[in-house]
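Trainee: Pasting work.txt below, which is compact mmCIF, N, CA and C atoms.
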# COMPACT_ATOMS: atom_id res chain seq x y z
N MET T 1 24.85 30.18 41.11
CA MET T 1 24.46 30.04 39.73
C MET T 1 25.67 29.74 38.85
N ASN T 2 26.79 30.30 39.22
CA ASN T 2 28.00 30.08 38.47
C ASN T 2 28.42 28.61 38.54
N LYS T 3 28.12 27.97 39.68
CA LYS T 3 28.44 26.55 39.83
C LYS T 3 27.63 25.71 38.85
N TRP T 4 26.38 26.06 38.64
CA TRP T 4 25.52 25.26 37.76
C TRP T 4 25.98 25.35 36.31
N ILE T 5 26.40 26.51 35.89
CA ILE T 5 26.83 26.68 34.51
C ILE T 5 28.16 25.98 34.26
N ASN T 6 29.03 25.99 35.23
CA ASN T 6 30.33 25.35 35.07
C ASN T 6 30.28 23.84 35.26
N ASN T 7 29.18 23.32 35.80
CA ASN T 7 29.05 21.89 36.01
C ASN T 7 28.83 21.21 34.65
N ASN T 8 29.63 20.19 34.37
CA ASN T 8 29.58 19.49 33.09
C ASN T 8 28.27 18.70 32.91
N ASN T 9 27.76 18.11 33.95
CA ASN T 9 26.52 17.31 33.86
C ASN T 9 25.31 18.18 33.56
N ILE T 10 25.24 19.34 34.14
CA ILE T 10 24.12 20.24 33.87
C ILE T 10 24.15 20.68 32.42
N SER T 11 25.32 20.95 31.87
CA SER T 11 25.43 21.34 30.46
C SER T 11 24.97 20.22 29.54
N LYS T 12 25.29 18.99 29.90
CA LYS T 12 24.86 17.84 29.09
C LYS T 12 23.34 17.68 29.11
N VAL T 13 22.74 17.82 30.27
CA VAL T 13 21.27 17.69 30.39
C VAL T 13 20.59 18.83 29.63
N LEU T 14 21.13 20.03 29.73
CA LEU T 14 20.57 21.16 29.01
C LEU T 14 20.70 20.97 27.49
N ALA T 15 21.82 20.46 27.01
CA ALA T 15 22.01 20.19 25.59
C ALA T 15 21.04 19.10 25.11
N LEU T 16 20.84 18.07 25.94
CA LEU T 16 19.89 17.01 25.59
C LEU T 16 18.47 17.56 25.49
N ALA T 17 18.08 18.43 26.43
CA ALA T 17 16.74 19.00 26.41
C ALA T 17 16.53 19.88 25.17
N VAL T 18 17.53 20.67 24.81
CA VAL T 18 17.42 21.52 23.63
C VAL T 18 17.36 20.66 22.36
N SER T 19 18.14 19.59 22.30
CA SER T 19 18.10 18.73 21.11
C SER T 19 16.77 18.01 20.98
N ILE T 20 16.21 17.55 22.09
CA ILE T 20 14.88 16.91 22.04
C ILE T 20 13.83 17.92 21.59
N LEU T 21 13.93 19.15 22.08
CA LEU T 21 13.00 20.20 21.68
C LEU T 21 13.10 20.48 20.17
N LEU T 22 14.30 20.58 19.65
CA LEU T 22 14.49 20.82 18.21
C LEU T 22 14.01 19.64 17.38
N TRP T 23 14.30 18.43 17.82
CA TRP T 23 13.86 17.24 17.08
C TRP T 23 12.34 17.19 17.02
N SER T 24 11.67 17.48 18.15
CA SER T 24 10.20 17.43 18.17
C SER T 24 9.61 18.52 17.29
N MET T 25 10.24 19.69 17.24
CA MET T 25 9.72 20.76 16.38
C MET T 25 9.82 20.38 14.90
N VAL T 26 10.88 19.71 14.53
CA VAL T 26 11.07 19.33 13.13
C VAL T 26 10.14 18.20 12.74
N HIS T 27 10.01 17.18 13.57
CA HIS T 27 9.26 15.99 13.18
C HIS T 27 7.78 16.04 13.51
N LEU T 28 7.38 16.73 14.54
CA LEU T 28 5.97 16.76 14.89
C LEU T 28 5.20 17.81 14.09
N ASN T 29 5.86 18.82 13.61
CA ASN T 29 5.21 19.83 12.79
C ASN T 29 5.55 19.62 11.32
N ASP T 30 5.51 18.39 10.91
CA ASP T 30 5.84 18.07 9.53
C ASP T 30 4.61 18.34 8.67
N VAL T 31 4.43 19.58 8.31
CA VAL T 31 3.29 19.98 7.49
C VAL T 31 3.74 20.43 6.12
N THR T 32 4.84 19.89 5.66
CA THR T 32 5.27 20.25 4.32
C THR T 32 4.25 19.72 3.32
N PRO T 33 3.79 20.54 2.44
CA PRO T 33 2.76 20.08 1.50
C PRO T 33 3.33 19.05 0.52
N THR T 34 2.62 17.96 0.41
CA THR T 34 3.02 16.95 -0.57
C THR T 34 2.31 17.27 -1.88
N PRO T 35 3.02 17.17 -2.97
CA PRO T 35 2.37 17.49 -4.25
C PRO T 35 1.32 16.45 -4.58
N THR T 36 0.10 16.88 -4.61
CA THR T 36 -0.99 15.97 -4.96
C THR T 36 -1.33 16.19 -6.43
N ALA T 37 -1.44 15.11 -7.11
CA ALA T 37 -1.75 15.19 -8.54
C ALA T 37 -3.25 15.39 -8.70
N LYS T 38 -3.59 16.37 -9.47
CA LYS T 38 -5.00 16.65 -9.71
C LYS T 38 -5.54 15.64 -10.71
N ILE T 39 -6.61 14.98 -10.34
CA ILE T 39 -7.26 14.02 -11.23
C ILE T 39 -8.18 14.80 -12.15
N ASP T 40 -8.02 14.54 -13.43
CA ASP T 40 -8.79 15.24 -14.44
C ASP T 40 -9.37 14.22 -15.40
N SER T 41 -10.38 14.60 -16.14
CA SER T 41 -10.94 13.70 -17.14
C SER T 41 -10.82 14.35 -18.52
N ARG T 42 -10.85 13.48 -19.52
CA ARG T 42 -10.67 13.95 -20.89
C ARG T 42 -11.49 13.06 -21.81
N ILE T 43 -12.01 13.64 -22.87
CA ILE T 43 -12.76 12.89 -23.87
C ILE T 43 -11.92 12.82 -25.13
N ILE T 44 -11.71 11.60 -25.61
CA ILE T 44 -10.93 11.38 -26.83
C ILE T 44 -11.90 10.90 -27.89
N ASP T 45 -12.01 11.66 -28.95
CA ASP T 45 -12.92 11.32 -30.05
C ASP T 45 -12.18 10.54 -31.12
N ASN T 46 -12.95 9.78 -31.88
CA ASN T 46 -12.48 9.11 -33.10
C ASN T 46 -11.30 8.17 -32.87
N VAL T 47 -11.41 7.31 -31.87
CA VAL T 47 -10.41 6.27 -31.66
C VAL T 47 -10.80 5.09 -32.52
N LYS T 48 -9.89 4.64 -33.38
CA LYS T 48 -10.20 3.56 -34.32
C LYS T 48 -10.33 2.23 -33.61
N VAL T 49 -11.29 1.43 -34.05
CA VAL T 49 -11.49 0.08 -33.55
C VAL T 49 -10.61 -0.86 -34.36
N GLN T 50 -9.80 -1.64 -33.68
CA GLN T 50 -8.89 -2.58 -34.34
C GLN T 50 -9.45 -3.98 -34.17
N ALA T 51 -9.87 -4.59 -35.27
CA ALA T 51 -10.41 -5.95 -35.24
C ALA T 51 -9.26 -6.95 -35.34
N PHE T 52 -9.35 -8.03 -34.57
CA PHE T 52 -8.33 -9.06 -34.63
C PHE T 52 -8.97 -10.41 -34.33
N GLY T 53 -8.26 -11.47 -34.68
CA GLY T 53 -8.70 -12.82 -34.34
C GLY T 53 -9.57 -13.51 -35.36
N LEU T 54 -9.83 -12.90 -36.50
CA LEU T 54 -10.68 -13.51 -37.52
C LEU T 54 -9.81 -14.34 -38.46
N ASP T 55 -10.22 -15.58 -38.70
CA ASP T 55 -9.51 -16.43 -39.65
C ASP T 55 -9.87 -15.96 -41.05
N GLU T 56 -8.98 -15.19 -41.65
CA GLU T 56 -9.29 -14.56 -42.93
C GLU T 56 -9.23 -15.52 -44.11
N LYS T 57 -8.75 -16.72 -43.88
CA LYS T 57 -8.78 -17.71 -44.96
C LYS T 57 -10.17 -18.33 -45.09
N LYS T 58 -10.93 -18.35 -44.01
CA LYS T 58 -12.26 -18.95 -44.03
C LYS T 58 -13.38 -17.92 -44.00
N TYR T 59 -13.17 -16.78 -43.34
CA TYR T 59 -14.24 -15.81 -43.14
C TYR T 59 -13.81 -14.42 -43.59
N ILE T 60 -14.82 -13.58 -43.81
CA ILE T 60 -14.57 -12.20 -44.19
C ILE T 60 -15.49 -11.30 -43.35
N LEU T 61 -14.95 -10.20 -42.89
CA LEU T 61 -15.74 -9.22 -42.15
C LEU T 61 -16.38 -8.29 -43.17
N SER T 62 -17.67 -8.49 -43.41
CA SER T 62 -18.32 -7.73 -44.47
C SER T 62 -18.87 -6.39 -43.99
N ALA T 63 -19.24 -6.29 -42.72
CA ALA T 63 -19.78 -5.02 -42.24
C ALA T 63 -19.52 -4.88 -40.74
N MET T 64 -19.27 -3.63 -40.34
CA MET T 64 -19.13 -3.28 -38.93
C MET T 64 -19.85 -1.94 -38.76
N ASP T 65 -20.78 -1.85 -37.81
CA ASP T 65 -21.62 -0.66 -37.73
C ASP T 65 -20.86 0.61 -37.37
N THR T 66 -19.76 0.51 -36.67
CA THR T 66 -18.93 1.68 -36.41
C THR T 66 -17.46 1.26 -36.35
N ASP T 67 -16.61 2.12 -36.84
CA ASP T 67 -15.19 1.80 -36.78
C ASP T 67 -14.42 2.77 -35.89
N GLN T 68 -15.14 3.72 -35.26
CA GLN T 68 -14.52 4.67 -34.35
C GLN T 68 -15.40 4.84 -33.13
N VAL T 69 -14.77 5.03 -31.98
CA VAL T 69 -15.51 5.21 -30.73
C VAL T 69 -15.01 6.46 -30.03
N GLN T 70 -15.77 6.85 -29.01
CA GLN T 70 -15.41 7.99 -28.17
C GLN T 70 -15.07 7.45 -26.78
N LEU T 71 -13.91 7.83 -26.26
CA LEU T 71 -13.47 7.39 -24.94
C LEU T 71 -13.50 8.55 -23.96
N GLU T 72 -13.94 8.26 -22.74
CA GLU T 72 -13.78 9.21 -21.65
C GLU T 72 -12.85 8.56 -20.64
N VAL T 73 -11.72 9.21 -20.39
CA VAL T 73 -10.70 8.66 -19.49
C VAL T 73 -10.41 9.66 -18.39
N LYS T 74 -9.85 9.15 -17.28
CA LYS T 74 -9.44 10.04 -16.20
C LYS T 74 -8.08 9.60 -15.69
N GLY T 75 -7.38 10.56 -15.14
CA GLY T 75 -6.05 10.31 -14.62
C GLY T 75 -5.40 11.63 -14.25
N LYS T 76 -4.10 11.57 -13.95
CA LYS T 76 -3.38 12.80 -13.63
C LYS T 76 -3.33 13.68 -14.87
N LYS T 77 -3.44 14.97 -14.63
CA LYS T 77 -3.48 15.91 -15.74
C LYS T 77 -2.22 15.82 -16.59
N SER T 78 -1.09 15.61 -15.95
CA SER T 78 0.17 15.51 -16.70
C SER T 78 0.18 14.26 -17.58
N ASP T 79 -0.39 13.15 -17.08
CA ASP T 79 -0.46 11.93 -17.89
C ASP T 79 -1.41 12.11 -19.07
N LEU T 80 -2.53 12.76 -18.83
CA LEU T 80 -3.50 12.94 -19.91
C LEU T 80 -2.96 13.85 -21.01
N LEU T 81 -2.22 14.87 -20.62
CA LEU T 81 -1.70 15.80 -21.62
C LEU T 81 -0.52 15.22 -22.40
N SER T 82 0.18 14.26 -21.81
CA SER T 82 1.35 13.70 -22.49
C SER T 82 0.99 12.55 -23.44
N MET T 83 -0.23 12.05 -23.38
CA MET T 83 -0.64 10.95 -24.23
C MET T 83 -1.32 11.47 -25.50
N TYR T 84 -1.08 10.75 -26.59
CA TYR T 84 -1.71 11.07 -27.87
C TYR T 84 -2.88 10.12 -28.10
N SER T 85 -3.70 10.43 -29.08
CA SER T 85 -4.84 9.57 -29.40
C SER T 85 -4.40 8.19 -29.85
N GLU T 86 -3.20 8.08 -30.41
CA GLU T 86 -2.70 6.78 -30.88
C GLU T 86 -2.31 5.86 -29.72
N ASP T 87 -2.14 6.43 -28.52
CA ASP T 87 -1.76 5.62 -27.36
C ASP T 87 -2.95 4.83 -26.80
N TYR T 88 -4.16 5.22 -27.17
CA TYR T 88 -5.36 4.53 -26.71
C TYR T 88 -5.78 3.54 -27.79
N LYS T 89 -5.96 2.29 -27.40
CA LYS T 89 -6.31 1.26 -28.37
C LYS T 89 -7.64 0.61 -27.98
N VAL T 90 -8.55 0.54 -28.96
CA VAL T 90 -9.83 -0.13 -28.77
C VAL T 90 -9.81 -1.34 -29.67
N ARG T 91 -9.99 -2.51 -29.07
CA ARG T 91 -9.85 -3.76 -29.82
C ARG T 91 -11.16 -4.52 -29.84
N LEU T 92 -11.37 -5.22 -30.94
CA LEU T 92 -12.56 -6.05 -31.15
C LEU T 92 -12.10 -7.47 -31.42
N ASP T 93 -12.42 -8.38 -30.52
CA ASP T 93 -12.00 -9.78 -30.65
C ASP T 93 -13.02 -10.53 -31.50
N LEU T 94 -12.59 -10.97 -32.69
CA LEU T 94 -13.47 -11.70 -33.61
C LEU T 94 -13.19 -13.20 -33.60
N SER T 95 -12.40 -13.68 -32.67
CA SER T 95 -12.05 -15.11 -32.66
C SER T 95 -13.24 -16.00 -32.32
N LYS T 96 -14.22 -15.50 -31.58
CA LYS T 96 -15.38 -16.31 -31.20
C LYS T 96 -16.63 -15.93 -31.99
N ALA T 97 -16.48 -15.05 -32.95
CA ALA T 97 -17.63 -14.62 -33.75
C ALA T 97 -18.03 -15.73 -34.72
N LYS T 98 -19.31 -15.80 -34.98
CA LYS T 98 -19.83 -16.82 -35.89
C LYS T 98 -20.35 -16.17 -37.16
N VAL T 99 -20.61 -16.99 -38.16
CA VAL T 99 -21.13 -16.50 -39.43
C VAL T 99 -22.49 -15.87 -39.18
N GLY T 100 -22.69 -14.69 -39.75
CA GLY T 100 -23.94 -13.96 -39.55
C GLY T 100 -23.68 -12.67 -38.79
N THR T 101 -24.74 -12.12 -38.26
CA THR T 101 -24.66 -10.86 -37.52
C THR T 101 -24.53 -11.14 -36.04
N SER T 102 -23.59 -10.49 -35.39
CA SER T 102 -23.43 -10.64 -33.94
C SER T 102 -22.96 -9.33 -33.34
N THR T 103 -23.32 -9.15 -32.07
CA THR T 103 -22.92 -7.96 -31.32
C THR T 103 -21.82 -8.36 -30.35
N LEU T 104 -20.67 -7.70 -30.44
CA LEU T 104 -19.50 -8.07 -29.65
C LEU T 104 -19.05 -6.89 -28.79
N PRO T 105 -18.51 -7.17 -27.60
CA PRO T 105 -18.02 -6.09 -26.75
C PRO T 105 -16.63 -5.61 -27.19
N LEU T 106 -16.34 -4.39 -26.87
CA LEU T 106 -15.03 -3.81 -27.17
C LEU T 106 -14.16 -3.85 -25.92
N THR T 107 -12.86 -4.04 -26.11
CA THR T 107 -11.91 -3.95 -25.00
C THR T 107 -11.00 -2.76 -25.26
N VAL T 108 -10.65 -2.07 -24.19
CA VAL T 108 -9.87 -0.84 -24.31
C VAL T 108 -8.53 -1.04 -23.62
N ASP T 109 -7.45 -0.71 -24.32
CA ASP T 109 -6.11 -0.72 -23.76
C ASP T 109 -5.66 0.73 -23.61
N VAL T 110 -5.39 1.13 -22.37
CA VAL T 110 -4.94 2.49 -22.11
C VAL T 110 -3.57 2.45 -21.44
N PRO T 111 -2.82 3.50 -21.54
CA PRO T 111 -1.52 3.55 -20.88
C PRO T 111 -1.67 3.49 -19.35
N SER T 112 -0.60 3.14 -18.68
CA SER T 112 -0.66 3.02 -17.22
C SER T 112 -0.89 4.39 -16.59
N GLY T 113 -1.63 4.38 -15.50
CA GLY T 113 -1.96 5.61 -14.80
C GLY T 113 -3.23 6.27 -15.29
N ILE T 114 -3.84 5.69 -16.31
CA ILE T 114 -5.07 6.25 -16.87
C ILE T 114 -6.16 5.20 -16.76
N GLU T 115 -7.35 5.65 -16.41
CA GLU T 115 -8.48 4.75 -16.20
C GLU T 115 -9.62 5.13 -17.16
N VAL T 116 -10.27 4.12 -17.70
CA VAL T 116 -11.39 4.35 -18.63
C VAL T 116 -12.66 4.58 -17.82
N VAL T 117 -13.35 5.66 -18.12
CA VAL T 117 -14.61 5.98 -17.47
C VAL T 117 -15.78 5.49 -18.31
N ASN T 118 -15.73 5.76 -19.62
CA ASN T 118 -16.86 5.43 -20.48
C ASN T 118 -16.36 5.19 -21.90
N VAL T 119 -16.99 4.23 -22.58
CA VAL T 119 -16.72 3.96 -23.99
C VAL T 119 -18.06 4.08 -24.70
N GLN T 120 -18.11 4.90 -25.74
CA GLN T 120 -19.36 5.10 -26.44
C GLN T 120 -19.14 4.85 -27.92
N PRO T 121 -19.67 3.86 -28.53
CA PRO T 121 -20.46 2.74 -28.02
C PRO T 121 -19.54 1.67 -27.42
N SER T 122 -20.09 0.86 -26.53
CA SER T 122 -19.28 -0.17 -25.87
C SER T 122 -19.36 -1.51 -26.59
N THR T 123 -20.29 -1.63 -27.52
CA THR T 123 -20.41 -2.86 -28.32
C THR T 123 -20.49 -2.48 -29.80
N VAL T 124 -20.13 -3.45 -30.63
CA VAL T 124 -20.16 -3.23 -32.08
C VAL T 124 -20.89 -4.41 -32.72
N THR T 125 -21.76 -4.10 -33.68
CA THR T 125 -22.46 -5.14 -34.42
C THR T 125 -21.68 -5.41 -35.71
N VAL T 126 -21.32 -6.67 -35.91
CA VAL T 126 -20.53 -7.05 -37.08
C VAL T 126 -21.29 -8.09 -37.89
N ASN T 127 -20.98 -8.15 -39.17
CA ASN T 127 -21.54 -9.16 -40.04
C ASN T 127 -20.38 -9.94 -40.65
N ILE T 128 -20.36 -11.24 -40.38
CA ILE T 128 -19.28 -12.09 -40.86
C ILE T 128 -19.85 -13.09 -41.85
N GLU T 129 -19.18 -13.22 -42.98
CA GLU T 129 -19.61 -14.15 -44.01
C GLU T 129 -18.52 -15.17 -44.27
N LYS T 130 -18.96 -16.33 -44.72
CA LYS T 130 -17.99 -17.38 -45.06
C LYS T 130 -17.37 -17.04 -46.40
N ARG T 131 -16.07 -17.24 -46.49
CA ARG T 131 -15.34 -16.93 -47.71
C ARG T 131 -15.46 -18.14 -48.65
N ASP T 132 -15.94 -17.90 -49.85
CA ASP T 132 -16.02 -18.93 -50.89
C ASP T 132 -15.00 -18.59 -51.96
N THR T 133 -14.26 -19.58 -52.35
CA THR T 133 -13.28 -19.37 -53.44
C THR T 133 -13.58 -20.36 -54.55
N SER T 134 -13.35 -19.91 -55.72
CA SER T 134 -13.53 -20.76 -56.89
C SER T 134 -12.38 -20.50 -57.86
N SER T 135 -11.99 -21.54 -58.60
CA SER T 135 -10.97 -21.36 -59.61
C SER T 135 -11.59 -21.53 -60.98
N PHE T 136 -11.17 -20.66 -61.86
CA PHE T 136 -11.67 -20.69 -63.23
C PHE T 136 -10.48 -20.75 -64.18
N PRO T 137 -10.64 -21.48 -65.25
CA PRO T 137 -9.55 -21.47 -66.23
C PRO T 137 -9.55 -20.14 -67.00
N VAL T 138 -8.38 -19.69 -67.31
CA VAL T 138 -8.25 -18.42 -68.01
C VAL T 138 -8.27 -18.64 -69.49
Show how you would write the structure in this file as structure tokens.

Mentor:
Amino acid sequence: MNKWINNNNISKVLALAVSILLWSMVHLNDVTPTPTAKIDSRIIDNVKVQAFGLDEKKYILSAMDTDQVQLEVKGKKSDLLSMYSEDYKVRLDLSKAKVGTSTLPLTVDVPSGIEVVNVQPSTVTVNIEKRDTSSFPV
């Protein structure tokens, strides 16, 4: 037995076997918990609708049935808590609207990492009139 312990090759094989055993224990039992972000949802009330795209020299927006909407969004809880109501933008494109009453869809811009679940209401009814100007002598 003393010969085996003093033999250099046996010590090398034994060291290799122990190192393989340690490597396999570290890498095969890799059960370290990865931090999973909890997905949560949140309701944001009274988000203002921002109208854009209307040629104000020719037309005027005389009526809009609602100017605020309610958003339901989901995302990581840390992202939802760090965002303010001003970070959510609801836009109404009036560039293709015609004179008279029309119902137009709303588009929502949210920060990255957040997804829109529901917009209430998702459409807005607007009334657009042609702008008439007249000059009068004073």

Trainee: Run DSSP on the backbone and grab whatever in chain T lands in strand (DSSP E); send it over as JSON, numbers by chain.

Mentor: {"T": [39, 40, 41, 42, 43, 44, 45, 46, 47, 48, 49, 50, 51, 52, 59, 60, 61, 62, 63, 64, 68, 69, 70, 71, 72, 73, 74, 75, 76, 89, 90, 91, 92, 93, 100, 101, 102, 103, 104, 105, 106, 107, 108, 109, 114, 115, 116, 117, 118, 119, 120, 123, 124, 125, 126, 127, 128, 129, 130]}

Trainee: Env of Lys38 (chain T): 6.5 Å cut, atoms = only N, CA and C atoms, seq-sep filter 5 positions within chain, self excluded. Answer as JSON, numbers by chain.

Mentor: {"T": [75, 76, 77]}

Trainee: Please, could you write that set of residues out with N, CA and C atoms as a PDB file, keeping the file's coordinate frame?

Mentor:
ATOM      1  N   GLY T  75      -7.380  10.560 -15.140  1.00  0.00           N
ATOM      2  CA  GLY T  75      -6.050  10.310 -14.620  1.00  0.00           C
ATOM      3  C   GLY T  75      -5.400  11.630 -14.250  1.00  0.00           C
ATOM      4  N   LYS T  76      -4.100  11.570 -13.950  1.00  0.00           N
ATOM      5  CA  LYS T  76      -3.380  12.800 -13.630  1.00  0.00           C
ATOM      6  C   LYS T  76      -3.330  13.680 -14.870  1.00  0.00           C
ATOM      7  N   LYS T  77      -3.440  14.970 -14.630  1.00  0.00           N
ATOM      8  CA  LYS T  77      -3.480  15.910 -15.740  1.00  0.00           C
ATOM      9  C   LYS T  77      -2.220  15.820 -16.590  1.00  0.00           C
TER      10      LYS T  77
END

Trainee: Env of Leu54 (chain T): 8 Å cut, atoms = only N, CA and C atoms, seq-sep filter 5 positions within chain, self excluded. Answer as an MDAnalysis selection string.

Mentor: chainID T and resid 59:61 92:97

Trainee: What lies within 8 Å of Gln120 (chain T) using all atoms listed in the file, ignoring chain neighbours under 4 positions off, as a VMD selection string?

Mentor: chain T and resid 68 to 72

Trainee: Can you write out the residues you just picked, keeping N, CA and C atoms, as a PDB file, keeping the file's coordinate frame?

Mentor:
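Ended up saving to again-v4.pdb:
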ATOM      1  N   GLN T  68     -15.140   3.720 -35.260  1.00  0.00           N
ATOM      2  CA  GLN T  68     -14.520   4.670 -34.350  1.00  0.00           C
ATOM      3  C   GLN T  68     -15.400   4.840 -33.130  1.00  0.00           C
ATOM      4  N   VAL T  69     -14.770   5.030 -31.980  1.00  0.00           N
ATOM      5  CA  VAL T  69     -15.510   5.210 -30.730  1.00  0.00           C
ATOM      6  C   VAL T  69     -15.010   6.460 -30.030  1.00  0.00           C
ATOM      7  N   GLN T  70     -15.770   6.850 -29.010  1.00  0.00           N
ATOM      8  CA  GLN T  70     -15.410   7.990 -28.170  1.00  0.00           C
ATOM      9  C   GLN T  70     -15.070   7.450 -26.780  1.00  0.00           C
ATOM     10  N   LEU T  71     -13.910   7.830 -26.260  1.00  0.00           N
ATOM     11  CA  LEU T  71     -13.470   7.390 -24.940  1.00  0.00           C
ATOM     12  C   LEU T  71     -13.500   8.550 -23.960  1.00  0.00           C
ATOM     13  N   GLU T  72     -13.940   8.260 -22.740  1.00  0.00           N
ATOM     14  CA  GLU T  72     -13.780   9.210 -21.650  1.00  0.00           C
ATOM     15  C   GLU T  72     -12.850   8.560 -20.640  1.00  0.00           C
TER      16      GLU T  72
END

Trainee: Work out how far CA of Gly53 (chain T) is from atom N of Asp132 (chain T), in Å to one decimal.

Mentor: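 Distance reported for this atom pair: 17.9 Å.
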
Trainee: Quick check, in Å to one decimal: how far apart do atom N of Ser85 (chain T) and atom N of Val117 (chain T) lie?

Mentor: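 Atom-to-atom, atom N of Ser85 (chain T) and atom N of Val117 (chain T) are spaced 15.4 Å apart.
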
Trainee: Near Thr125 (chain T), counting only C-alpha atoms, which residues have an atom at most 12 Å away, once you skip same-chain residues fewer than 5 positions from it, shown as a list in words?

Mentor: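 Here the qualifying residues turn out to be Leu61, Ser62, Ala63, Met64, Asp65, Thr66, Asp67, Leu92, Leu94, Ala97, Gly100, Thr101, Ser102, Thr103, Leu104, Pro105 and Leu106 of chain T.
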
Trainee: Hey, which of T:Ala51, T:Val73, T:Ile20, T:Ile44 ends up closest to Glu115 (chain T)? Count only N, CA and C atoms.

Mentor: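 Among the listed residues, T:Val73 lies closest to Glu115 (chain T).
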
Trainee: Measure the distance from atom C of Ser24 (chain T) to atom C of Asn6 (chain T) in Å and round it to one decimal.

Mentor: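 That distance, rounded to one decimal, is 27.9 Å.
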
Trainee: Kindly indicate which residue among T:Val110, T:Val90, T:Leu81, T:Val124 lies nearest to Arg42 (chain T), using only C-alpha atoms for the distances.

Mentor: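 Checking each candidate against Arg42 (chain T), we get T:Leu81 as the closest.
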
Trainee: Please, what is the axis-aligned box for every listed atom of region 118-131 of chain T with 6 Å on each side, as centre and edge lengths in Å to one decimal, as JSON?

Mentor:
{"center_x": -18.9, "center_y": -6.2, "center_z": -34.1, "size_x": 19.1, "size_y": 35.9, "size_z": 41.0}

Trainee: Running DSSP on the backbone, which parts of region 12-136 of chain T land in alpha helix (DSSP H), as number ranges by chain?

Mentor: T: 12-28, 77-82
